[in-house]
Amino acid sequence: MSSLVKCPHCGLRPREEFAIRGEVATPRPKAGADESAWFDHVYLRDNPRGEHREYWHHAGGCRRWLVLSRNTVTHDISDVVDASTLKVGGDA
Amino acid sequence: MTSFRIEGGTLIDRNDVRSFTFNGTKLSGFAGDTVASALLANGKQVVGRSFKYHRPRGILSAGAAEPNALLTIGRDGRRDPNTRATIAELFDGLEARSQNCWPNVDFDVGAVNGLLGPFLGAGFYYKTFMWPAAFWEKVYEPIIRKAAGLGRAGYDPDPAYYEKCWAHCDVLVIGAGPSGLAAALTAGRSGARVIIADEGGQLGGGILAEGGMIGDKPADATLADIVGELHALPNVEIKTRTTIFGAYDDQVFGAVERVQKHLPESAINPDRAMERLWRIVAKHTILATGAEERPIVFGGNDRPGVMMAGAMRTYLNAFGVAPGKRVALFANNNQAYQTAIDLEARGIEVAAIIDPRTCPNTRYQGKARHIAGAMVRDTDGRKGIKSITVRHDDGRDEVINVDALAVSGGYSPIVHLACHRGAKPVWSDQHAGFMPPETSDGMTPAGAVAGNVGIASCFDAGAKAAVAALDALGFSAQPANLLGSDKSDDIRQDIVALWSVPSSMGKAFVDYQNDVTAGDINLAMREGYDHVELAKRYTTNGMATDQGKTSNVNAIGILAENKGVSPGEIGTTTFRPFYTPVSFGALVGASKGFEFQPVRKSPLHGWAVRNGAKFVETGLWYRSSWFPKDGETFWRDSVDREVLNVRSNVGICDVSTLGKIEIFGADAAEFLNRVYCNAFLKLPVGKARYGIMLREDGLVYDDGTTSCLAENHYFMTTTTALAAGVLTHLEFCAQVLWPDLDVRMASATDQWAQMAIAGPKTRDVLSQIIDDDISNEAFPFLAAREVSMFGGRLKGRLFRISFSGELAFEIAVPAGYGESVADAIMAAGKEHGIAPYGTEALGVMRIEKGHVTHAEINGTVTPADLGMGRMVSVKKDDFIGQVMNLREGLVDPSRPALVGIKPKSPSDKFATGSHILNVGDEVSLENDQGYVTSMCHSPNLGHAIGLALVKGGPERYGEEVVIWNGLAGSAVAGIICNPAFVDPENEKLHA
Amino acid sequence: MMRYSALSLLGNAFSKNKNWKPAWRNPDPKPHYDVIIIGGGGHGLATAYYLSKVFGVRNVAVLEKGYLGSGNIGRNTTIIRSNYLLQGNNPFYEFSMKLWEGLEQDFNFNAMVSQRGVINLFHSDAQRDAYTRRGNAMRLHGVDADLLGRDQLREKLPFLDYENARFPIMGGLMQKRGGTVRHDAVAWGFARGADQHGVDIIQNCEVTAIDREGDQVTGVQTTRGAIKCNKIGMAVAGNSSHVAGMVDMRLPIESHALQAFVSEGLKPFIDTVVTFGAGHFYVSQSDKGGLVFGGDIEGYNSYAQRGNLACVEHVAEAGMAMIPALSRVRILRSWGGIMDMSMDGTPIMDRTHLGNLYFNGGWCYGGFKATPASGYCFAHLLAKDEPHETATEFRMDRFARGYLLDEKGVGAQANLH
Amino acid sequence: MRDFPLNIVSPFPAKPAANGHAAVHIAPIGDGFVFHVLGNAGATEGSLKKLINDIAPELGGALCSPSPHQWFWIGSCEVSQDRFAEILAKLPDGFAMTDQTHGRVRMAVSGVKVRDVLAKGTMIDLAPDVFAVGQSAMTQIGQIGAMITRTDDDCFEIMVLRSFAVSLWDELHHMAAEFK
Ligand SMILES: Cc1cc2nc3c(=O)[nH]c(=O)nc-3n(C[C@H](O)[C@H](O)[C@H](O)COP(=O)(O)OP(=O)(O)OC[C@H]3O[C@@H](n4cnc5c(N)ncnc54)[C@H](O)[C@@H]3O)c2cc1C
Ligand SMILES: NC(=O)c1ccc[n+]([C@@H]2O[C@H](COP(=O)([O-])OP(=O)(O)OC[C@H]3O[C@@H](n4cnc5c(N)ncnc54)[C@H](O)[C@@H]3O)[C@@H](O)[C@H]2O)c1
Ligand SMILES: Cc1cc2nc3c(=O)[nH]c(=O)nc-3n(C[C@H](O)[C@H](O)[C@H](O)COP(=O)(O)O)c2cc1C
Ligand SMILES: [Zn+2]
């Protein structure tokens, strides 16, 4: 990784086409959750050395949000999926 | 004696004479020469001065590793400092100059530093120049800075064109020596897509230095056959003069092709790139980069006339240049003996071969005296070598007169590209070198880089490496046999490592370019900088433009010897791009000057030009900022007029750059309700609503209006600045947070030309163009719907919204029609005094009205800070930012809040970015009350007005404060007031 | 210990430099220390220096997993400045600037503090206004700041692109006292100074676990064995989340690579530090003649100290947009460091949920300039258990409570700070 | 104002200076329509094709998909705003559509060196066996987003946001200049 990403919709694309948001953190809390759950979600990160799931947006291509499973030490990508299929964001 | 031209030279064309200048002297060489070979042919031995001691330096190598022969080539905008003479190809009219010397390279005043040597040891500057304290910056540092550096870069812009490209292949072969050529041919024949790149001007690598036979054919004939076949293969792309400078993730390689660097100015095609950056995407790579011959560290090893043995061969065989008349060879390995053989074959006397090995087993049968178990400990001669001092194994010294010395301390595989991604090379005692690491990411080393010696074994290794790689890629391939049945190739290296001659006299250089001596490395160790990385940083060994290509391994060897460990235990410093330095020009390509970033133009751009607009960059956009009329010399003249005209007549403004997003789907309303902090669920068809979007952390992100055009169809506008950001954010919400909602969106920014028509006479103008009834009853404030125009010839979208605070509409039409519609509006408005207004006037009017922009929405404010706290829904279940918006610090009553501000005395002026202080307070950060976010001259009020974020906010209306601008040395008495300076009751909006 | 002076230099020159002593000892870890500092970067070493020198705590060890200064202290673009906007930041960075100004005399090591000036260019009215606000905030605190117009700028920096620029330069905010410092020498100077006050600097000693009993820490496990202590201070920069994870802390921090670059050595080319406002680029010239420059962080999380080519290109593009004459200047080397990007772009220096474990991190790409003050203030916190007066707002709970120090205003997305 | 002349202004420079290049030809495509169709999660290309055939067979055109469940429906005839509205009204809930005829403009780039020119901008591998005739891709040419469609061996169609049209036009000409 870091040079090329295989978008599940568009195929191999350069890093320049993507915008990166960062770690797939705790799911977005449900309505009514307390402040500490929100604090966790908005601010805290695992930030691991090693396997990491993160949001990349294929801004210069299909404009889909992807979730990459990527190693933060080797930069190897083990998986790329469309974020909507994971339902990782949590629901309201 | 010095170097001179002799017969032969496979690379040069004696019929094509090229003249050039060196330090102003006219010289000549041949096509095919490098600047280095041409200088040597002209007997120019001293070509530069060293960095610290200003020692005279000659040409050491024949390739990329050259530490000494750095010249400035060309002039003005085409001036290339620090160019290695050994790779610069000679062209007619080339101008080369020595660097780092004054008054000239032969007599350099800086050489007195040599006498100060003992004070200038490694890291001396850390220990001194501290007294008196003020002297460092005033006296010492300026002197150091003037002395430092090599070439001088000019300030002229470069007239050349540059560009960048992508390339794709199955197999990338890096290096076109015997191993690379065999690999490329093997891969090419299999049908795979192949790119073979070499930094040289010709394919061939080590073969080019080969004077004799390969198999049963002359070396150059063998090479010609291979190159011919490669050229004929359509699936093989050959890139010469192309350096692969970096290995990046996913087998993407950065390369720079010097497309026209070897051409005289008169032959340069200005439409072609001077240099071209390649990003090569490979499936597999064959690393065939060869090996770098290593110097040996001994006293006076930098004297001009001392040259790498392999380089000497290259000059002899490829360029027809002899290094001198009487040459000695100092080598610890068998391969180097080939230099002695070739010298003798050209009739040059080899005075002695000094070999530290006690009983070298070589096939050398020449005439030279063979001194085994011995080392060179010193050299003599002023501007060039005159003699060497040899220390025999019995401790006896012998002086031998020579005018050139060939040196070979072994070979360091060129492993850089295998290590750029973090892998470490592996030490091998057998090869006395660091070998490429085992990497798993599709790179196979072959040839000298993998320890192969001799052309036959390199051919073989290259071909086999390619077969293995192709196999993995699913191609079936046969190793190309380039030799027939060969035999000659059984050189055994039998190297015995020698880093530094212990009995050296005088300065023994490890890093020629940075003047790092063996003594410096020892000093670093003594002082605790004994880690290889610390030693590098303390002595600067390996940090010069050659990045230690010839010095790093020797430094490691010296450290290892001192510590009594293997060089493997010391390890190398980190290999990093760039393999050789790369110009900014190449990395930038065409994105320079005005082309730095693309321009976005509004569909009304042409209209604005025709109306005399002055433009301003806003992100990538050009927006019209004001429209000067005849006689208006100062921008404020125009802006004031435009504002007054809107407030009393009518004006038209291009707002096409606002972000526009079409939103569809059964759940679109629910979606909007969640992304805005205010309510959107019940927005009726035909209505627009102002909305505020928060970020999840509860602070305001963007504002804008969203209109309901039909059931399940909405049209959102965003600020120009955040148009892309908001779309991305909405996509995140829709795709990631709530993928179950049926909501779909598309950017429509470019589809619509949108203009605001504002002022009391707006309706008089628009009703001439719009077929529908736009009276206040039929089209009230915040109405939004499609309308018919020009008698049904065009449909547009009409919105009754106002940023200026006047009676206003925004009309959107398909972009291509924009100019015509704007013209029509101008024509219709003529009798009503219509005039275009730009972003400046827009800015004045919104400040007069107290409307916020990103000057206020600066990422640190809440809706309440902006006086819009009541918009934040307390009824909704959930929206972005709902919970974090309630944090203690975000509802703290002491937060600054939006107010208006004006000078107490109407003639006083103040600036945006001024801070607010309480009257009588001391000027200090603790007493800071807030700051002015926006200001303008209000032509309606006749004085300066501003918006500010001030502690206490609206509670302080009427209070006098100090508007403090320390930068301008001004402090103005100001009054805090309601930010709605004009029409606070909103009567005009609803007119 | 050896004091560096003109005399010592002279004496050693005559003895062929054979008698120089190690700049610091190379001790084995003792079984117990009063304070262990994890991380031998600038902040860790400075903390040890001030702890021992100013606060009298001498039984201190600095544990460094690699060689001394192998982290960001050894790979940054060396810019120091105190041109901060917010009340929580500005006094701290100015305190740091004052410490820089006396540093060499203080620790008897020439770190080449060079106050050659820092100029931030602006290209639009909005940027000018933002710099006006910032410059005034600086002035309020007595920090030097000047707003330069285009003409003044042209005099100082004639080689910028004023003619054909995509984003024409309007002016710049200058801090004359800003500048550069020889980065490695800062680490070495603090190390040597701390060593002289009895601090053990232990290299090649990676902390692999933190021992705890109840809500206290008792020591660390390292690659050189277990070490006990009364207090632990963490100053591990890019590795903050990883080390904090040893005691189950999740931090408002992400790790990102930042690349920096150096050009081939040139004769004097640019005399101040200049930063480009219309793209990510900042440049200065080192005492050796190389142009040292950098750009923006990589957008993705990384613990690999390297970046990608796209980013290299962006930096070069921004550089040339500012200085067209760079076209034929060649870039010699690029490298990367790992930034601990906090969620508001401002560092964290505070106690933790464990009574005697202290945290210092989240310096993003601005921590070099903070080195002396960070060391001083962290030493203050470790020694007195309360924050130094200039570092009271760097607390951990500011995120939960909503007292953010977000100079850029981009919110809770680490890679935008 | 009912009779006020309404012209469509092209974003491309008035005189297509490109036609001088021997090996590369660059020309604006002025006519036709571009509709952006947004399907819901159940929408398929097959069902869209059938719909088009049912509702507006006279328009013809081709579909290319920039993103899952989204298509650009691109054709060469003129479609009035009214006709667009009619078609829109007949689309079932699963499909939404917006007219992008003005927002996304097209040009044709062709000639024997066309791949060399485009390789200066896009990372996409345009080798014929990788990127076949009829294939299209949403990507970036330099810094500008664009949709590239291969229309023949050495012919490509490029669609770009109108506001970027001039910049891309100029850039393509620079990239082609060496093949004059
Ligand atoms: C390219 C680049 C440019 C920069 N430019 C500037 C600039 O111009 N101005 C500026 O002010 N700042 C700049 N910075 C930021 C600055 O360098 C850092 O913020 C600062 O150096 C961080 O503090 P430090 O020196 O203590 O970190 P470091 O030097 O990184 O120290 C942390 C140390 O902890 C060690 N460590 C980590 N984990 C463990 C463990 N488990 N056990 C033992 N030891 C451990 C690491 O090996 C490292 O040595 C830049 C940074 C980079 C990378
Ligand atoms: N250095 C020596 O003197 C030495 C040592 C061992 C073997 N040899 C001889 O050299 C030959 C070895 O063959 P080989 O094919 O392995 O190596 P080679 O040296 O013949 O070829 C390597 C080629 O790679 C090119 N190269 C290196 N790095 C590059 C980069 N980053 N980008 C582009 N090009 C790059 C060089 O310009 C060179 O042409 C044999 O003839 C052998 O006898 C020489
Ligand atoms: C301010 C500064 C100046 C540098 N100058 C040089 C230089 O002149 N030559 C060089 O080779 N490297 C230079 N470097 C880079 C270092 O060689 C090295 O790459 C960097 O410190 C990171 O370490 P690493 O590459 O070993 O990981 C410089 C680094 C810094 C921070
Ligand atoms: Zn995609």
# chains A, B, ... in the order shown; residues from 1 in each chain; ligands from 1

$ closest_atom_pairs --of "chain C" --to "chain D" --cutoff "12 Å" --atoms "only C-alpha atoms" --output "JSON lines"
{"residue": "C:Ala310", "atom": "CA", "partner": "D:Gly142", "partner_atom": "CA", "distance": 11.6}
{"residue": "C:Glu313", "atom": "CA", "partner": "D:Gly142", "partner_atom": "CA", "distance": 11.8}
{"residue": "C:His314", "atom": "CA", "partner": "D:Gln143", "partner_atom": "CA", "distance": 10.8}
{"residue": "C:Glu317", "atom": "CA", "partner": "D:Gln143", "partner_atom": "CA", "distance": 11.9}

$ write_last_selection --atoms "N, CA and C atoms" --output "mmCIF file, in the first residue's frame"
data_model
loop_
_atom_site.group_PDB
_atom_site.id
_atom_site.type_symbol
_atom_site.label_atom_id
_atom_site.label_comp_id
_atom_site.auth_asym_id
_atom_site.auth_seq_id
_atom_site.Cartn_x
_atom_site.Cartn_y
_atom_site.Cartn_z
ATOM 1 N N ALA C 310 3.934 10.070 -4.144
ATOM 2 C CA ALA C 310 2.959 11.123 -4.433
ATOM 3 C C ALA C 310 3.223 12.326 -3.530
ATOM 4 N N GLU C 313 6.212 14.314 -4.596
ATOM 5 C CA GLU C 313 5.892 15.194 -5.727
ATOM 6 C C GLU C 313 5.156 16.447 -5.255
ATOM 7 N N HIS C 314 4.205 16.246 -4.342
ATOM 8 C CA HIS C 314 3.447 17.407 -3.870
ATOM 9 C C HIS C 314 4.356 18.429 -3.205
ATOM 10 N N GLU C 317 6.314 20.212 -5.834
ATOM 11 C CA GLU C 317 5.458 21.145 -6.573
ATOM 12 C C GLU C 317 5.252 22.429 -5.780
#

$ residues_near_ligand --ligand "ligand 2" --cutoff "6 Å" --atoms "only C-alpha atoms and all ligand atoms" --output "JSON, numbers by chain"
{"B": [174, 175, 176, 177, 178, 179, 180, 197, 198, 199, 200, 204, 205, 206, 207, 242, 243, 244, 245, 288, 289, 290, 291, 292, 293, 310, 411, 447, 448, 449, 453, 454, 455, 458, 579]}

$ closest_residue --among "B:Arg744, B:Arg763, B:Arg492, B:His990" --to "chain A" --atoms "only C-alpha atoms"
B:Arg744

$ closest_atom_pairs --of "chain C" --to "ligand 1" --cutoff "6 Å" --atoms "only C-alpha atoms and all ligand atoms" --output "CSV"
residue,atom,partner,partner_atom_place_in_ligand_line,distance
C:Ile38,CA,ligand 1,43 (C),5.2
C:Gly39,CA,ligand 1,34 (O),3.2
C:Gly40,CA,ligand 1,49 (O),4.8
C:Gly41,CA,ligand 1,31 (O),3.1
C:Gly42,CA,ligand 1,25 (O),3.4
C:His43,CA,ligand 1,26 (O),3.7
C:Gly44,CA,ligand 1,26 (O),5.4
C:Leu63,CA,ligand 1,43 (C),5.2
C:Glu64,CA,ligand 1,44 (N),3.8
C:Lys65,CA,ligand 1,43 (C),3.9
C:Gly66,CA,ligand 1,47 (O),5.2
C:Gly69,CA,ligand 1,49 (O),5.3
C:Ser70,CA,ligand 1,49 (O),4.8
C:Gly71,CA,ligand 1,30 (O),3.4
C:Asn72,CA,ligand 1,30 (O),3.7
C:Ile73,CA,ligand 1,29 (O),3.8
C:Arg75,CA,ligand 1,53 (C),5.3
C:Asn76,CA,ligand 1,3 (C),3.4
C:Thr77,CA,ligand 1,8 (O),3.9
C:Thr78,CA,ligand 1,8 (O),4.4
C:Ile79,CA,ligand 1,8 (O),3.7
C:Ile80,CA,ligand 1,11 (O),5.5
C:Cys205,CA,ligand 1,43 (C),5.9
C:Glu206,CA,ligand 1,42 (N),3.6
C:Val207,CA,ligand 1,42 (N),3.8
C:Thr208,CA,ligand 1,41 (N),5.7
C:Ala235,CA,ligand 1,26 (O),5.6
C:Val236,CA,ligand 1,34 (O),3.6
C:Ala237,CA,ligand 1,27 (O),4.6
C:Gly238,CA,ligand 1,30 (O),5.9
C:Asn239,CA,ligand 1,37 (C),5.0
C:Val243,CA,ligand 1,41 (N),5.7
C:Leu258,CA,ligand 1,1 (C),4.8
C:Gln259,CA,ligand 1,1 (C),4.6
C:Ala260,CA,ligand 1,1 (C),4.3
C:Gly336,CA,ligand 1,1 (C),5.5
C:Gly337,CA,ligand 1,53 (C),3.5
C:Ile338,CA,ligand 1,53 (C),5.6
C:Trp363,CA,ligand 1,19 (O),4.7
C:Cys364,CA,ligand 1,19 (O),5.4
C:Tyr365,CA,ligand 1,15 (C),3.7
C:Gly366,CA,ligand 1,12 (N),3.5
C:Gly367,CA,ligand 1,19 (O),3.0
C:Phe368,CA,ligand 1,11 (O),3.4
C:Lys369,CA,ligand 1,11 (O),3.6

$ residues_near_ligand --ligand "ligand 3" --cutoff "9 Å" --atoms "only C-alpha atoms and all ligand atoms" --output "compact mmCIF listing (two decimals) with N, CA and C atoms, in the first residue's frame"
# COMPACT_ATOMS: atom_id res chain seq x y z
N GLU B 533 24.82 4.80 12.98
CA GLU B 533 24.03 5.99 12.63
C GLU B 533 24.56 7.23 13.34
N LYS B 536 27.74 8.28 11.60
CA LYS B 536 27.39 8.99 10.36
C LYS B 536 27.07 10.45 10.67
N ARG B 537 26.20 10.64 11.64
CA ARG B 537 25.75 12.01 11.92
C ARG B 537 26.84 12.88 12.53
N THR B 540 29.51 13.08 9.55
CA THR B 540 28.86 13.35 8.26
C THR B 540 29.31 12.37 7.18
N ASN B 541 29.88 11.24 7.58
CA ASN B 541 30.27 10.26 6.58
C ASN B 541 29.03 9.74 5.84
N GLY B 542 29.08 9.74 4.54
CA GLY B 542 27.96 9.19 3.76
C GLY B 542 26.82 10.17 3.55
N MET B 543 27.01 11.42 3.96
CA MET B 543 25.89 12.37 3.86
C MET B 543 26.05 13.35 2.71
N ALA B 544 27.04 13.15 1.90
CA ALA B 544 27.25 14.08 0.80
C ALA B 544 26.41 13.65 -0.41
N THR B 545 26.65 14.29 -1.56
CA THR B 545 25.75 14.05 -2.69
C THR B 545 25.85 12.62 -3.22
N ASP B 546 26.97 11.94 -2.91
CA ASP B 546 27.09 10.54 -3.35
C ASP B 546 26.49 9.58 -2.34
N GLN B 547 26.02 10.11 -1.21
CA GLN B 547 25.39 9.29 -0.19
C GLN B 547 26.25 8.08 0.21
N GLY B 548 27.55 8.27 0.18
CA GLY B 548 28.44 7.23 0.69
C GLY B 548 28.56 6.01 -0.18
N THR B 573 23.87 2.00 7.51
CA THR B 573 22.91 3.07 7.76
C THR B 573 21.71 2.81 6.84
N THR B 574 20.67 3.60 7.03
CA THR B 574 19.44 3.34 6.29
C THR B 574 19.54 3.80 4.84
N PHE B 575 19.18 2.91 3.93
CA PHE B 575 19.12 3.29 2.51
C PHE B 575 17.82 4.02 2.26
N ARG B 576 17.91 5.14 1.60
CA ARG B 576 16.71 5.93 1.36
C ARG B 576 16.76 6.48 -0.05
N SER C 70 17.33 8.57 17.77
CA SER C 70 16.93 7.87 16.54
C SER C 70 15.51 8.20 16.12
N GLY C 71 14.78 8.86 16.99
CA GLY C 71 13.39 9.19 16.66
C GLY C 71 13.31 10.53 15.93
N ASN C 72 12.25 11.24 16.22
CA ASN C 72 11.97 12.45 15.46
C ASN C 72 12.96 13.58 15.73
N ILE C 73 13.58 13.54 16.89
CA ILE C 73 14.57 14.59 17.15
C ILE C 73 15.66 14.53 16.09
N GLY C 74 15.89 13.33 15.56
CA GLY C 74 16.95 13.18 14.57
C GLY C 74 16.46 13.28 13.14
N ARG C 75 15.23 13.64 12.93
CA ARG C 75 14.73 13.62 11.55
C ARG C 75 13.79 14.77 11.25
N ASN C 76 13.85 15.82 12.02
CA ASN C 76 12.90 16.91 11.75
C ASN C 76 13.56 18.04 10.96
N THR C 77 12.74 18.99 10.54
CA THR C 77 13.25 20.07 9.71
C THR C 77 13.78 21.24 10.52
N THR C 78 13.91 21.06 11.81
CA THR C 78 14.68 21.92 12.72
C THR C 78 14.15 23.33 12.91
N ILE C 79 12.90 23.54 12.59
CA ILE C 79 12.38 24.91 12.70
C ILE C 79 11.91 25.19 14.12
N THR C 180 16.34 28.09 13.17
CA THR C 180 16.63 26.67 13.13
C THR C 180 17.67 26.31 14.19
N VAL C 181 17.73 25.04 14.49
CA VAL C 181 18.73 24.53 15.44
C VAL C 181 19.25 23.22 14.87
N ARG C 182 20.51 22.93 15.08
CA ARG C 182 21.09 21.66 14.62
C ARG C 182 20.49 20.54 15.47
N HIS C 183 19.58 19.79 14.84
CA HIS C 183 18.71 18.87 15.59
C HIS C 183 19.47 17.83 16.40
N ASP C 184 20.41 17.12 15.76
CA ASP C 184 21.11 16.05 16.48
C ASP C 184 21.84 16.60 17.69
N ALA C 260 10.69 14.35 5.22
CA ALA C 260 11.50 15.55 5.07
C ALA C 260 12.57 15.26 4.03
N PHE C 261 13.22 16.32 3.60
CA PHE C 261 14.12 16.24 2.45
C PHE C 261 15.32 17.14 2.65
N VAL C 262 16.39 16.75 1.99
CA VAL C 262 17.52 17.67 1.95
C VAL C 262 18.06 17.67 0.52
N SER C 263 18.44 18.84 0.07
CA SER C 263 18.99 18.95 -1.28
C SER C 263 20.49 18.77 -1.23
N GLU C 264 21.11 18.70 -2.38
CA GLU C 264 22.56 18.73 -2.45
C GLU C 264 23.05 20.04 -1.82
N GLY C 265 24.27 20.02 -1.34
CA GLY C 265 24.81 21.22 -0.71
C GLY C 265 24.95 22.35 -1.71
N GLN C 285 17.96 26.64 4.99
CA GLN C 285 19.23 26.08 4.53
C GLN C 285 20.08 25.74 5.74
N SER C 286 20.64 24.56 5.72
CA SER C 286 21.41 24.12 6.87
C SER C 286 22.81 24.72 6.84
N LYS C 288 25.38 23.24 6.61
CA LYS C 288 26.21 22.53 5.65
C LYS C 288 25.89 22.90 4.21
N GLY C 289 24.81 23.63 4.01
CA GLY C 289 24.50 24.09 2.67
C GLY C 289 23.33 23.39 2.03
N GLY C 290 22.82 22.32 2.63
CA GLY C 290 21.66 21.62 2.07
C GLY C 290 20.39 22.41 2.35
N LEU C 291 19.48 22.42 1.39
CA LEU C 291 18.16 22.99 1.67
C LEU C 291 17.37 21.90 2.37
N VAL C 292 16.89 22.21 3.55
CA VAL C 292 16.12 21.24 4.31
C VAL C 292 14.66 21.64 4.20
N PHE C 293 13.83 20.74 3.78
CA PHE C 293 12.44 21.14 3.57
C PHE C 293 11.49 19.99 3.78
N GLN C 305 8.92 4.39 8.95
CA GLN C 305 9.49 5.74 8.84
C GLN C 305 9.79 6.09 7.39
N ARG C 306 8.78 5.99 6.56
CA ARG C 306 8.98 6.35 5.16
C ARG C 306 7.64 6.75 4.58
N LEU C 332 18.55 15.33 -2.54
CA LEU C 332 19.54 14.31 -2.23
C LEU C 332 18.92 13.13 -1.52
N ARG C 333 18.07 13.41 -0.58
CA ARG C 333 17.60 12.32 0.27
C ARG C 333 16.24 12.70 0.83
N SER C 334 15.41 11.70 1.00
CA SER C 334 14.14 11.91 1.69
C SER C 334 14.06 10.88 2.80
N TRP C 335 13.37 11.21 3.86
CA TRP C 335 13.23 10.26 4.95
C TRP C 335 11.91 10.55 5.65
N GLY C 336 11.58 9.71 6.59
CA GLY C 336 10.31 9.92 7.27
C GLY C 336 10.46 9.77 8.77
N GLY C 337 9.52 10.38 9.46
CA GLY C 337 9.43 10.20 10.90
C GLY C 337 7.97 9.96 11.25

$ residues_near_ligand --ligand "ligand 4" --cutoff "10 Å" --atoms "only C-alpha atoms and all ligand atoms" --output "ChimeraX atom specification"
/A:5-13,17-18,57-66,82 /D:66-68,137-139

$ closest_atom_pairs --of "chain D" --to "chain B" --cutoff "9 Å" --atoms "only C-alpha atoms" --output "CSV"
residue,atom,partner,partner_atom,distance
D:Met1,CA,B:Ile769,CA,5.9
D:Arg2,CA,B:Phe790,CA,4.4
D:Asp3,CA,B:Phe790,CA,7.0
D:Phe4,CA,B:Ala824,CA,6.6
D:Pro5,CA,B:Ser820,CA,7.3
D:Leu6,CA,B:Ser820,CA,5.4
D:Asn7,CA,B:Ser820,CA,6.0
D:Ile8,CA,B:Gly816,CA,4.6
D:Val9,CA,B:Gly816,CA,4.9
D:Ser10,CA,B:Gly816,CA,6.4
D:Pro11,CA,B:Pro603,CA,7.4
D:His36,CA,B:Ala746,CA,8.1
D:Leu38,CA,B:Arg744,CA,6.6
D:Gly39,CA,B:Arg744,CA,7.8
D:Asn40,CA,B:Asp742,CA,6.6
D:Ala41,CA,B:Asp742,CA,7.8
D:Gln81,CA,B:Lys795,CA,7.2
D:Asp82,CA,B:Lys795,CA,8.8
D:Asp93,CA,B:Gly665,CA,7.9
D:Gly94,CA,B:Gly665,CA,8.2
D:Phe95,CA,B:Gly665,CA,8.7
D:Ala96,CA,B:Phe664,CA,6.6
D:Met97,CA,B:Phe664,CA,8.8
D:Thr98,CA,B:Glu662,CA,7.8
D:Asp99,CA,B:Gln751,CA,7.8
D:Gln100,CA,B:Gln751,CA,5.7
D:Thr101,CA,B:Gln751,CA,7.2
D:His102,CA,B:Gln751,CA,5.0
D:Gly103,CA,B:Gln751,CA,3.5
D:Arg104,CA,B:Asp750,CA,7.2
D:Asp116,CA,B:Cys165,CA,8.5
D:Val117,CA,B:Cys165,CA,8.8
D:Leu118,CA,B:Cys165,CA,8.5
D:Ala119,CA,B:Cys165,CA,5.4
D:Lys120,CA,B:Cys165,CA,4.0
D:Gly121,CA,B:Cys165,CA,6.5
D:Thr122,CA,B:Trp166,CA,7.0
D:Met123,CA,B:Trp166,CA,5.5
D:Ile124,CA,B:Trp166,CA,8.1
D:Asp125,CA,B:His168,CA,6.5
D:Ala127,CA,B:His168,CA,8.9
D:Gly142,CA,B:Ser591,CA,8.8
D:Gln143,CA,B:Pro598,CA,7.1
D:Ile144,CA,B:Pro598,CA,7.4
D:Leu161,CA,B:Asp750,CA,6.3
D:Arg162,CA,B:Asp750,CA,5.8
D:Ser163,CA,B:Lys601,CA,4.8
D:Phe164,CA,B:Arg600,CA,5.1
D:Ala165,CA,B:Arg600,CA,8.1
D:Val166,CA,B:Val599,CA,7.9
D:Ser167,CA,B:Pro598,CA,5.7
D:Leu168,CA,B:Pro598,CA,7.9
D:Glu171,CA,B:Ala590,CA,8.6
D:His174,CA,B:Asp271,CA,7.6
D:Met175,CA,B:Glu163,CA,8.0
D:Ala176,CA,B:Asp271,CA,8.6
D:Ala177,CA,B:Asp271,CA,5.6
D:Glu178,CA,B:Asp271,CA,4.9
D:Phe179,CA,B:Asp271,CA,8.5
D:Lys180,CA,B:Asp271,CA,8.8
